[in-house]
$ cat run-v5.cif   # mmCIF, C-alpha atoms
data_model
loop_
_atom_site.label_atom_id
_atom_site.label_comp_id
_atom_site.auth_asym_id
_atom_site.auth_seq_id
_atom_site.Cartn_x
_atom_site.Cartn_y
_atom_site.Cartn_z
CA MET A 1203 -8.67 1.60 9.71
CA GLN A 1204 -6.65 2.07 12.87
CA VAL A 1205 -3.26 0.47 12.15
CA SER A 1206 -1.61 1.49 15.42
CA ASP A 1207 -1.81 4.14 18.11
CA GLY A 1208 -1.34 7.38 16.23
CA MET A 1209 -1.79 5.98 12.71
CA THR A 1210 -4.99 5.65 10.71
CA VAL A 1211 -4.80 4.43 7.10
CA THR A 1212 -7.50 4.47 4.42
CA ILE A 1213 -7.01 2.40 1.25
CA SER A 1214 -9.18 2.87 -1.85
CA GLU A 1215 -10.69 -0.02 -3.80
CA PRO A 1216 -8.15 -1.55 -6.22
CA GLU A 1217 -8.36 -0.35 -9.83
CA GLN A 1218 -6.64 -2.05 -12.75
CA PHE A 1219 -4.05 -0.06 -14.69
CA THR A 1220 -1.33 -0.53 -17.29
CA PRO A 1221 2.21 0.22 -16.08
CA SER A 1222 4.32 2.68 -18.05
CA ASN A 1223 7.67 1.85 -19.56
CA THR A 1224 9.45 3.14 -16.44
CA ASP A 1225 8.06 0.51 -14.08
CA PHE A 1226 10.37 -1.75 -12.11
CA LEU A 1227 8.95 -5.27 -11.97
CA SER A 1228 9.30 -8.75 -13.30
CA SER A 1229 7.43 -9.94 -16.38
CA GLU A 1230 5.41 -12.67 -14.64
CA TRP A 1231 2.31 -10.49 -14.06
CA GLU A 1232 -0.45 -9.75 -16.56
CA THR A 1233 -2.78 -7.84 -14.22
CA PHE A 1234 -1.81 -4.72 -12.28
CA ILE A 1235 -3.76 -2.80 -9.67
CA ARG A 1236 -3.32 0.56 -7.99
CA MET A 1237 -4.81 1.93 -4.78
CA ASP A 1238 -4.80 5.35 -3.17
CA VAL A 1239 -3.49 5.52 0.39
CA LEU A 1240 -4.36 8.17 2.97
CA VAL A 1241 -2.26 8.11 6.15
CA GLU A 1242 -3.46 10.22 9.07
CA ASN A 1243 -1.23 11.03 12.03
CA THR A 1244 -3.65 10.88 14.96
CA GLY A 1245 -0.83 10.86 17.50
CA GLU A 1246 1.08 13.59 19.25
CA GLU A 1247 4.48 12.98 17.62
CA PRO A 1248 5.63 13.36 13.99
CA LEU A 1249 5.22 10.17 11.93
CA GLU A 1250 7.68 9.07 9.24
CA ALA A 1251 5.87 8.01 6.06
CA PHE A 1252 8.17 5.00 5.67
CA ASN A 1253 6.69 3.59 8.91
CA VAL A 1254 3.65 2.61 6.83
CA TYR A 1255 4.48 -0.82 5.43
CA THR A 1256 2.29 -2.70 2.95
CA ARG A 1257 2.70 -6.25 1.70
CA ALA A 1258 0.35 -8.44 -0.25
CA THR A 1259 -0.43 -11.91 -1.48
CA THR A 1260 -2.26 -12.94 -4.63
CA GLY A 1261 -3.50 -16.50 -4.77
CA SER A 1262 -0.79 -18.60 -3.11
CA GLN A 1263 2.17 -16.28 -3.78
CA ALA A 1264 3.53 -12.89 -2.80
CA ALA A 1265 2.23 -10.03 -4.94
CA GLU A 1266 4.93 -7.82 -6.43
CA GLU A 1267 4.82 -4.14 -5.55
CA VAL A 1268 4.94 -1.86 -8.60
CA TYR A 1269 7.10 1.27 -8.60
CA ASP A 1270 6.00 3.37 -11.56
CA TYR A 1271 7.23 6.94 -11.23
CA GLU A 1272 5.36 8.20 -14.32
CA GLN A 1273 2.07 7.18 -12.71
CA GLY A 1274 2.94 8.33 -9.20
CA LEU A 1275 3.47 4.86 -7.69
CA GLU A 1276 6.39 5.32 -5.34
CA THR A 1277 7.19 5.24 -1.65
CA PRO A 1278 6.92 8.76 -0.25
CA SER A 1279 9.67 10.31 1.83
CA ALA A 1280 7.89 12.66 4.21
CA VAL A 1281 7.22 13.43 7.83
CA ILE A 1282 3.54 13.62 8.75
CA GLN A 1283 2.99 16.12 11.54
CA PRO A 1284 0.37 15.46 14.28
CA GLY A 1285 -3.13 16.14 12.98
CA ARG A 1286 -1.96 16.07 9.36
CA GLU A 1287 -2.29 13.52 6.58
CA LEU A 1288 -0.41 12.26 3.53
CA GLU A 1289 -1.85 10.87 0.29
CA TYR A 1290 -0.01 8.66 -2.18
CA ALA A 1291 -0.62 5.64 -4.44
CA ILE A 1292 0.63 2.05 -4.37
CA GLY A 1293 0.41 -0.70 -6.97
CA TYR A 1294 0.86 -4.47 -7.26
CA GLY A 1295 1.18 -7.13 -9.91
CA VAL A 1296 -1.51 -9.73 -9.17
CA SER A 1297 -3.13 -12.92 -10.44
CA ALA A 1298 -6.58 -12.15 -11.87
CA GLY A 1299 -9.40 -14.19 -10.37
CA GLU A 1300 -7.38 -15.02 -7.25
CA PRO A 1301 -7.77 -13.67 -3.72
CA PHE A 1302 -5.77 -10.52 -3.02
CA ASP A 1303 -4.82 -9.76 0.59
CA LEU A 1304 -3.14 -6.46 1.47
CA THR A 1305 -1.66 -6.08 4.96
CA VAL A 1306 -0.87 -2.62 6.31
CA GLU A 1307 1.49 -2.30 9.27
CA ASP A 1308 3.27 0.32 11.34
CA VAL A 1309 6.87 -0.91 11.37
CA MET A 1310 7.57 0.95 14.61
CA ASP A 1311 4.69 -0.66 16.53
CA PHE A 1312 6.00 -4.11 17.46
CA SER A 1313 2.79 -5.03 19.31
CA SER A 1314 0.56 -4.50 16.28
CA GLN A 1315 -0.34 -7.33 13.90
CA GLY A 1316 -1.38 -4.86 11.23
CA VAL A 1317 -4.67 -4.78 9.37
CA THR A 1318 -5.50 -6.93 6.35
CA LEU A 1319 -7.89 -6.09 3.52
CA SER A 1320 -9.12 -8.94 1.31
CA THR A 1321 -10.76 -8.97 -2.12
CA VAL A 1322 -10.66 -10.84 -5.44
CA ILE A 1323 -9.30 -9.04 -8.51
CA GLU A 1324 -11.40 -9.94 -11.54
#
$ encode --input "run-v5.cif" --output "structure tokens"
Amino acid sequence: MQVSDGMTVTISEPEQFTPSNTDFLSSEWETFIRMDVLVENTGEEPLEAFNVYTRATTGSQAAEEVYDYEQGLETPSAVIQPGRELEYAIGYGVSAGEPFDLTVEDVMDFSSQGVTLSTVIE
């Protein structure tokens, strides 16, 4: 999906997983999902990885992002050169059986509304 001029992002289908003991999240969630992210720099200037911003809702509340370093769920710190790509994984605590909406934005593109992906986590 084209998130902004110069940034294309592909998100895999959510898969359930069990967080390790090194995760950083509250105890209110019973279901956890992870997704692979592929960010492509289709522009002509270097792109900071932290410009890719994801946020999500589950049911009627905000989903909690999971940072689990043992399982590779962390925010990357990298510069993506023009024509190159970066792969990493993200995770969220969600409510099973409720709608899950993930919005992907380029924080440096103030004219973009971002792109939202919607599904239900069973």
$ resolve_selection --input "run-v5.cif" --expression "the PyMOL selection byres ((chain A and resi 1297-1302) around 9)" --output "list of chain:residue names"
A:Trp1231, A:Glu1232, A:Thr1233, A:Phe1234, A:Ala1258, A:Thr1259, A:Thr1260, A:Gly1261, A:Ser1262, A:Ala1265, A:Gly1295, A:Val1296, A:Asp1303, A:Leu1304, A:Leu1319, A:Ser1320, A:Thr1321, A:Val1322, A:Ile1323, A:Glu1324
$ resolve_selection --input "run-v5.cif" --expression "the PyMOL selection byres ((chain A and resi 1241-1256) around 6)" --output "ChimeraX atom specification"
/A:1208-1211,1240,1257,1280-1288,1305-1309
$ atom_distance --input "run-v5.cif" --atom1 "atom CA of Gly1274 of chain A" --atom2 "atom CA of Asp1311 of chain A"
27.3 Å
$ resolve_selection --input "run-v5.cif" --expression "the PyMOL selection byres ((chain A and resi 1277) around 9)" --output "list in words"
Ala1251, Phe1252, Tyr1269, Leu1275, Glu1276, Pro1278, Ser1279, Tyr1290, Ala1291 and Ile1292 of chain A
$ atom_distance --input "run-v5.cif" --atom1 "atom CA of Thr1220 of chain A" --atom2 "atom CA of Thr1318 of chain A"
24.8 Å
$ closest_residue --input "run-v5.cif" --among "A:Ile1235, A:Ala1264, A:Val1317, A:Met1310" --to "Tyr1294 of chain A" --atoms "all atoms listed in the file"
A:Ile1235
$ atom_distance --input "run-v5.cif" --atom1 "atom CA of Thr1212 of chain A" --atom2 "atom CA of Glu1289 of chain A"
9.5 Å
$ closest_residue --input "run-v5.cif" --among "A:Asp1238, A:Ser1314, A:Val1205, A:Val1268" --to "Asn1223 of chain A" --atoms "all atoms listed in the file"
A:Val1268
$ axis_aligned_box --input "run-v5.cif" --around "segment 1241-1259 of chain A" --padding-each-side "8 Å" --output "AutoDock Vina command-line options"
--center_x 2.3 --center_y 0.8 --center_z 8.9 --size_x 27.8 --size_y 41.5 --size_z 36.7
$ closest_residue --input "run-v5.cif" --among "A:Gln1273, A:Ser1313, A:Glu1267, A:Met1237" --to "Gln1218 of chain A" --atoms "all atoms listed in the file"
A:Met1237
